[in-house]
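Notes follow the structure.
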Amino acid sequence: MLGLNQKKIIFLLLLIAASYSSFASDIYIYEDKNRTLSPEKVKELFISGEFNPLPQGDFNPGFTKSNFWLVIKPSGSATEQNLVVGNAHINRLEFYEANQSDIQLKYQTGDYYPFSQRPVRNRFFVFPIEPKLSSIYLVMVDKHNESLQLRVEILSDEHFFQRISNESLITGILSGITVLLILFGCFLFITVKEKLYLYYILYIL
């Protein structure tokens, strides 16, 4: 028999899992095998129920000849949100905002485009999402004839910038360690006069 505290913990975990599942269900995916769908047709397919909820965690179709379309339904949160496509090596992405009257292309980015063309300067592809319940967002993911691994998240501004800060901190620490190793190698090369330390410096660089 489970104790009272154990039951409370299990109940809390179930609540967390349920809230995560409902959050993840706001992102849907569809495979465009012929790579010919227009945004208007994608919207029609979504309204008719042809899309499936995006699986939690990593979506990995492997080697593919298809394009994939994502549909994001804003949660109605009062805070600004960000769609984070956690793959830095996608060839082409198109981000559309669709409302009842029209569909607008807001961003076009990917490996085929300059880094400055990304809506948010980040190693991943990040798209700002406005909390509009009257709109949905469409994202075309093109990495045909290659292997595709895809992780998609919706993060608030607070969580997103906290993640960037943590990544920057880790990068700064590792960069500092590398510089110290180079300086230490230079010191040893100057004092001992052994070419081995010069090769070590070149290896680190």
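Ligands are numbered from 1 in the order shown, chains are lettered A, B, ... in the order of the structure tokens, and residues start at 1 in each chain.
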
Next on the checklist: If we count only C-alpha atoms and set the cut-off at 8 Å, which residues sit around A:Ile29, ignoring sequence neighbours fewer than 3 positions away in its own chain? Please answer as a list in words.
Outcome noted: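 Answer for this query is Phe51, Asn52, Pro53, Leu54, Phe68, Trp69, Leu70 and Val71 of chain A.
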
Let me see the file: selected residues, N, CA, C and O atoms, as a PDB file, in the first residue's frame.
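New file selection-v4.pdb:
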ATOM      1  N   PHE A  51      -3.872  16.789 -39.781  1.00  0.00           N
ATOM      2  CA  PHE A  51      -2.616  16.892 -39.031  1.00  0.00           C
ATOM      3  C   PHE A  51      -2.660  15.999 -37.784  1.00  0.00           C
ATOM      4  O   PHE A  51      -3.734  15.702 -37.255  1.00  0.00           O
ATOM      5  N   ASN A  52      -1.477  15.597 -37.337  1.00  0.00           N
ATOM      6  CA  ASN A  52      -1.332  14.820 -36.108  1.00  0.00           C
ATOM      7  C   ASN A  52      -0.565  15.635 -35.075  1.00  0.00           C
ATOM      8  O   ASN A  52       0.311  16.434 -35.452  1.00  0.00           O
ATOM      9  N   PRO A  53      -0.845  15.439 -33.770  1.00  0.00           N
ATOM     10  CA  PRO A  53      -0.036  16.125 -32.760  1.00  0.00           C
ATOM     11  C   PRO A  53       1.430  15.738 -32.890  1.00  0.00           C
ATOM     12  O   PRO A  53       1.759  14.572 -33.146  1.00  0.00           O
ATOM     13  N   LEU A  54       2.300  16.707 -32.749  1.00  0.00           N
ATOM     14  CA  LEU A  54       3.735  16.437 -32.834  1.00  0.00           C
ATOM     15  C   LEU A  54       4.147  15.580 -31.643  1.00  0.00           C
ATOM     16  O   LEU A  54       3.845  15.913 -30.499  1.00  0.00           O
ATOM     17  N   PHE A  68       8.040  18.877 -44.273  1.00  0.00           N
ATOM     18  CA  PHE A  68       7.126  18.718 -43.142  1.00  0.00           C
ATOM     19  C   PHE A  68       6.554  20.082 -42.783  1.00  0.00           C
ATOM     20  O   PHE A  68       7.277  21.082 -42.771  1.00  0.00           O
ATOM     21  N   TRP A  69       5.252  20.079 -42.505  1.00  0.00           N
ATOM     22  CA  TRP A  69       4.577  21.311 -42.101  1.00  0.00           C
ATOM     23  C   TRP A  69       4.180  21.211 -40.628  1.00  0.00           C
ATOM     24  O   TRP A  69       3.652  20.189 -40.194  1.00  0.00           O
ATOM     25  N   LEU A  70       4.460  22.271 -39.898  1.00  0.00           N
ATOM     26  CA  LEU A  70       4.030  22.381 -38.509  1.00  0.00           C
ATOM     27  C   LEU A  70       2.933  23.427 -38.412  1.00  0.00           C
ATOM     28  O   LEU A  70       2.980  24.453 -39.099  1.00  0.00           O
ATOM     29  N   VAL A  71       1.960  23.170 -37.571  1.00  0.00           N
ATOM     30  CA  VAL A  71       0.927  24.158 -37.258  1.00  0.00           C
ATOM     31  C   VAL A  71       0.959  24.398 -35.752  1.00  0.00           C
ATOM     32  O   VAL A  71       0.948  23.451 -34.960  1.00  0.00           O
TER      33      VAL A  71
END

Please identify which residues in stretch 25-103 of chain A DSSP calls strand (DSSP E) from the backbone, and express them as a short mmCIF file (atom, residue, chain, number, x, y, z; two decimals) with N, CA and C atoms, in the first residue's frame.
data_model
loop_
_atom_site.label_atom_id
_atom_site.label_comp_id
_atom_site.auth_asym_id
_atom_site.auth_seq_id
_atom_site.Cartn_x
_atom_site.Cartn_y
_atom_site.Cartn_z
N ILE A 27 1.06 21.85 -30.95
CA ILE A 27 1.91 21.77 -32.14
C ILE A 27 1.52 20.52 -32.92
N TYR A 28 1.24 20.70 -34.21
CA TYR A 28 0.80 19.61 -35.07
C TYR A 28 1.74 19.50 -36.27
N ILE A 29 1.77 18.29 -36.86
CA ILE A 29 2.71 18.05 -37.96
C ILE A 29 2.03 17.27 -39.09
N TYR A 30 2.51 17.54 -40.31
CA TYR A 30 1.99 16.85 -41.50
C TYR A 30 3.14 16.67 -42.48
N GLU A 31 3.21 15.50 -43.09
CA GLU A 31 4.28 15.21 -44.06
C GLU A 31 3.80 15.51 -45.47
N ASP A 32 4.52 16.40 -46.15
CA ASP A 32 4.23 16.75 -47.55
C ASP A 32 5.16 15.93 -48.43
N ASN A 52 -1.48 15.60 -37.34
CA ASN A 52 -1.33 14.82 -36.11
C ASN A 52 -0.56 15.64 -35.07
N PRO A 53 -0.85 15.44 -33.77
CA PRO A 53 -0.04 16.13 -32.76
C PRO A 53 1.43 15.74 -32.89
N PHE A 59 11.52 14.38 -32.80
CA PHE A 59 10.85 13.78 -33.95
C PHE A 59 11.93 13.41 -34.96
N ASN A 60 12.06 12.14 -35.27
CA ASN A 60 13.18 11.67 -36.09
C ASN A 60 12.67 10.78 -37.21
N PRO A 61 12.30 11.36 -38.37
CA PRO A 61 11.88 10.52 -39.50
C PRO A 61 13.06 9.91 -40.24
N GLY A 62 14.29 10.29 -39.87
CA GLY A 62 15.47 9.77 -40.55
C GLY A 62 15.64 10.40 -41.93
N PHE A 63 16.22 9.64 -42.86
CA PHE A 63 16.38 10.15 -44.22
C PHE A 63 15.02 10.33 -44.86
N THR A 64 14.79 11.50 -45.41
CA THR A 64 13.46 11.79 -45.96
C THR A 64 13.57 12.56 -47.27
N ASN A 67 8.90 17.30 -47.38
CA ASN A 67 8.85 18.47 -46.51
C ASN A 67 7.88 18.16 -45.37
N PHE A 68 8.04 18.88 -44.27
CA PHE A 68 7.13 18.72 -43.14
C PHE A 68 6.55 20.08 -42.78
N TRP A 69 5.25 20.08 -42.50
CA TRP A 69 4.58 21.31 -42.10
C TRP A 69 4.18 21.21 -40.63
N LEU A 70 4.46 22.27 -39.90
CA LEU A 70 4.03 22.38 -38.51
C LEU A 70 2.93 23.43 -38.41
N VAL A 71 1.96 23.17 -37.57
CA VAL A 71 0.93 24.16 -37.26
C VAL A 71 0.96 24.40 -35.75
N ILE A 72 1.04 25.66 -35.38
CA ILE A 72 1.12 26.04 -33.96
C ILE A 72 -0.13 26.85 -33.61
N GLN A 81 5.72 34.55 -26.63
CA GLN A 81 6.29 33.22 -26.67
C GLN A 81 7.21 33.09 -27.87
N ASN A 82 8.01 32.02 -27.86
CA ASN A 82 8.97 31.78 -28.92
C ASN A 82 8.89 30.32 -29.35
N LEU A 83 8.78 30.11 -30.65
CA LEU A 83 8.87 28.77 -31.19
C LEU A 83 10.34 28.47 -31.47
N VAL A 84 10.88 27.46 -30.80
CA VAL A 84 12.29 27.10 -30.93
C VAL A 84 12.39 25.79 -31.69
N VAL A 85 12.98 25.84 -32.88
CA VAL A 85 13.24 24.64 -33.67
C VAL A 85 14.67 24.21 -33.35
N ARG A 92 15.91 24.95 -45.06
CA ARG A 92 14.98 26.05 -45.36
C ARG A 92 13.77 25.96 -44.44
N LEU A 93 13.38 27.10 -43.87
CA LEU A 93 12.16 27.19 -43.07
C LEU A 93 11.39 28.41 -43.51
N GLU A 94 10.08 28.24 -43.61
CA GLU A 94 9.19 29.36 -43.91
C GLU A 94 8.15 29.44 -42.80
N PHE A 95 7.99 30.63 -42.27
CA PHE A 95 7.10 30.85 -41.12
C PHE A 95 5.97 31.77 -41.55
N TYR A 96 4.73 31.27 -41.44
CA TYR A 96 3.55 32.01 -41.88
C TYR A 96 2.62 32.27 -40.70
N GLU A 97 1.94 33.41 -40.75
CA GLU A 97 0.85 33.69 -39.82
C GLU A 97 -0.45 33.64 -40.60
N ALA A 98 -1.38 32.81 -40.16
CA ALA A 98 -2.65 32.63 -40.86
C ALA A 98 -3.80 33.04 -39.94
N ILE A 103 -3.10 34.77 -45.28
CA ILE A 103 -1.90 34.10 -44.79
C ILE A 103 -0.70 34.95 -45.21
#

Within 10 Å of stretch 35-46 of chain A, which residues of stretch 109-181 of chain A come that close, and what is the closest atom pair and distance in Å for each? Count only C-alpha atoms and give it as a Markdown table.
| residue | atom | partner | partner_atom | distance |
| --- | --- | --- | --- | --- |
| A:Ile136 | CA | A:Lys43 | CA | 8.9 |
| A:Tyr137 | CA | A:Lys43 | CA | 9.4 |
| A:Leu138 | CA | A:Pro39 | CA | 7.4 |
| A:Val139 | CA | A:Pro39 | CA | 9.0 |
| A:Met140 | CA | A:Pro39 | CA | 8.6 |
| A:Asp142 | CA | A:Arg35 | CA | 8.7 |
| A:His144 | CA | A:Arg35 | CA | 8.9 |

Next on the checklist: Which residues are near stretch 122-131 of chain A? Cut-off 12 Å, only C-alpha atoms, ignore same chain within fewer than 6 positions. Put them as a ChimeraX atom specification.
Outcome noted: /A:72-97,106-111,113,115-116,137-139,141,150-157,160-161,163-165,167-168

Item to check | Sel. of alpha helix (DSSP H) residues, stretch 7-205 of chain A, as a PyMOL selection string | outcome: chain A and resi 7-24+39-47+157-192+195-204

Checklist entry - Interatomic distance between atom CA of A:Tyr203 and atom CA of A:Gly172? => result 19.9 Å

Item to check | A:Leu202 surroundings by only C-alpha atoms, 12 Å radius, close-in-sequence under 3 positions cut, as an MDAnalysis selection string | outcome: chainID A and resid 178 181:183 185:186 189 195:199 205

Include N, CA, C and O atoms and write out the residues we just selected as a short mmCIF file (atom, residue, chain, number, x, y, z; two decimals), in the first residue's frame.
data_model
loop_
_atom_site.label_atom_id
_atom_site.label_comp_id
_atom_site.auth_asym_id
_atom_site.auth_seq_id
_atom_site.Cartn_x
_atom_site.Cartn_y
_atom_site.Cartn_z
N THR A 178 39.92 27.23 -22.18
CA THR A 178 40.74 27.06 -23.39
C THR A 178 41.84 28.12 -23.45
O THR A 178 43.00 27.82 -23.75
N LEU A 181 44.58 27.28 -21.00
CA LEU A 181 45.43 26.20 -21.49
C LEU A 181 46.43 26.70 -22.53
O LEU A 181 47.60 26.29 -22.54
N ILE A 182 45.97 27.61 -23.39
CA ILE A 182 46.88 28.18 -24.40
C ILE A 182 47.98 28.99 -23.73
O ILE A 182 49.17 28.88 -24.07
N LEU A 183 47.60 29.82 -22.76
CA LEU A 183 48.60 30.63 -22.06
C LEU A 183 49.59 29.75 -21.29
O LEU A 183 50.80 30.01 -21.28
N GLY A 185 50.40 26.68 -22.07
CA GLY A 185 51.25 26.07 -23.09
C GLY A 185 52.33 27.02 -23.57
O GLY A 185 53.49 26.63 -23.77
N CYS A 186 51.96 28.29 -23.76
CA CYS A 186 52.95 29.29 -24.18
C CYS A 186 54.04 29.46 -23.11
O CYS A 186 55.24 29.56 -23.43
N PHE A 189 56.34 26.49 -23.27
CA PHE A 189 57.17 26.52 -24.47
C PHE A 189 58.30 27.54 -24.33
O PHE A 189 59.44 27.28 -24.74
N LYS A 195 59.41 21.74 -28.37
CA LYS A 195 58.45 21.93 -29.44
C LYS A 195 57.12 21.20 -29.15
O LYS A 195 56.09 21.54 -29.72
N LEU A 196 57.20 20.22 -28.26
CA LEU A 196 55.98 19.48 -27.91
C LEU A 196 54.89 20.42 -27.41
O LEU A 196 53.71 20.25 -27.75
N TYR A 197 55.28 21.44 -26.62
CA TYR A 197 54.29 22.38 -26.09
C TYR A 197 53.73 23.28 -27.18
O TYR A 197 52.58 23.70 -27.12
N LEU A 198 54.55 23.57 -28.18
CA LEU A 198 54.07 24.35 -29.33
C LEU A 198 53.02 23.55 -30.10
O LEU A 198 51.98 24.09 -30.50
N TYR A 199 53.27 22.25 -30.29
CA TYR A 199 52.29 21.40 -30.96
C TYR A 199 51.00 21.31 -30.13
O TYR A 199 49.90 21.25 -30.69
N LEU A 205 44.27 25.19 -30.40
CA LEU A 205 43.69 26.17 -31.32
C LEU A 205 42.87 25.51 -32.41
O LEU A 205 41.83 26.04 -32.81
#

Next on the checklist: Quick check, in Å to one decimal: how far apart do atom CA of A:Asn99 and atom CA of A:Ser134 lie?
Outcome noted: 6.2 Å
